[in-house]
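**Q** Sharing a structure with you now.
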Number of protein chains: 2
Amino acid sequence: MPLYMDVHTKIKDLTQEKLAEDHRKDLEYEQAEGVHFKEAWADPETGTCFCLSEAPDQDAVRRVHRRAGHPANEVYPVTLHV
Amino acid sequence: MPLYMDVHTKIKDLTQEKLAEDHRKDLEYEQAEGVHFKEAWADPETGTCFCLSEAPDQDAVRRVHRRAGHPANEVYPVTLHV
């Protein structure tokens, strides 16, 4: 399954609890789209979050995040990996 | 050790071989700075690359990438992780 990295920018009041809660919501909505959010890393200073997922396509990643209430600003198909 | 995500944009002619070679150079220069580049993901269409590293600080990440010949455009301390 293709890998995607999506980026959320300028998230307000970003804490470990908020990140965990947002990730939990993703996991709740992902199955219907055949997506799996594997990991996420975030910088609370700038409010930037990077989410790594497996998904059938880019739109599926966008739909899950939108339904979970936190649309992605950018989504990249990361076909190369080391 | 703190985690960092850095982003390279508009990389020309990005292939799996180029990514592996750039990563190899990072590994060559990282020890002197106490940095370790764990993983990297890249989208050859947009020439965007995301590098996850452990490092003492942000400047150490920048110095290693600069010495390896591919300076990062952005570096984020990702203190939150799920």
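The way I read the labels, and the way they are meant: chains A, B, ... in the order of the structure tokens, residue 1 as the first residue of every chain, and ligand 1 as the first ligand shown, with later ones counted on from there.
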Based on only C-alpha atoms, which of the residues in chain B come within 7 Å of chain A? I want them as a ChimeraX atom specification.
**A** /B:16,20,39-43,76-82
**Q** Determine, counting only C-alpha atoms, which protein, DNA and RNA residues have an atom within 7 Å of an atom of Pro2 of chain A; residues of the same chain fewer than 6 positions away are not included. Present the result as an mmCIF file with N, CA and C atoms, in the first residue's frame.
**A**
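part-v8.cif was written with the following content:
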data_model
loop_
_atom_site.group_PDB
_atom_site.id
_atom_site.type_symbol
_atom_site.label_atom_id
_atom_site.label_comp_id
_atom_site.auth_asym_id
_atom_site.auth_seq_id
_atom_site.Cartn_x
_atom_site.Cartn_y
_atom_site.Cartn_z
ATOM 1 N N GLU A 54 -0.530 4.836 5.432
ATOM 2 C CA GLU A 54 -0.690 3.954 4.270
ATOM 3 C C GLU A 54 -2.108 4.180 3.771
ATOM 4 N N ALA A 55 -2.255 4.321 2.459
ATOM 5 C CA ALA A 55 -3.601 4.624 1.946
ATOM 6 C C ALA A 55 -3.692 4.229 0.481
ATOM 7 N N PRO A 56 -4.908 3.936 0.000
ATOM 8 C CA PRO A 56 -5.066 3.611 -1.413
ATOM 9 C C PRO A 56 -4.740 4.793 -2.323
ATOM 10 N N THR A 79 6.776 7.950 -2.262
ATOM 11 C CA THR A 79 7.058 6.660 -2.911
ATOM 12 C C THR A 79 8.496 6.213 -2.679
#
**Q** Taking the backbone alone, and naming residues the way the document does, which bits of chain A are strand (DSSP E or B) by DSSP, as a ChimeraX atom specification?
**A** /A:3-8,36-43,48-54,74-77,80-81
**Q** Identify which of the residues B:Asp22, B:Val35, B:Glu74, B:Asp13 lies closest to Val61 of chain B, counting only C-alpha atoms when measuring atom-to-atom distances.
**A** B:Val35
**Q** To test your reading of the structure, identify every residue in chain B that backbone DSSP assigns to alpha helix (DSSP H), and report it as a list in words.
**A**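 Selecting the alpha helix (DSSP H) positions of chain B gives Gln16, Glu17, Lys18, Leu19, Ala20, Glu21, Asp22, His23, Arg24, Lys25, Asp26, Leu27, Glu28, Tyr29, Glu30, Gln58, Asp59, Ala60, Val61, Arg62, Arg63, Val64, His65, Arg66 and Arg67 of chain B.
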**Q** Pick out the closest residue to Arg63 of chain A from this set: A:His36, A:Lys12, A:Met1, A:Tyr29. Count only C-alpha atoms.
**A**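 Nearest candidate to Arg63 of chain A out of A:His36, A:Lys12, A:Met1, A:Tyr29: A:Tyr29.
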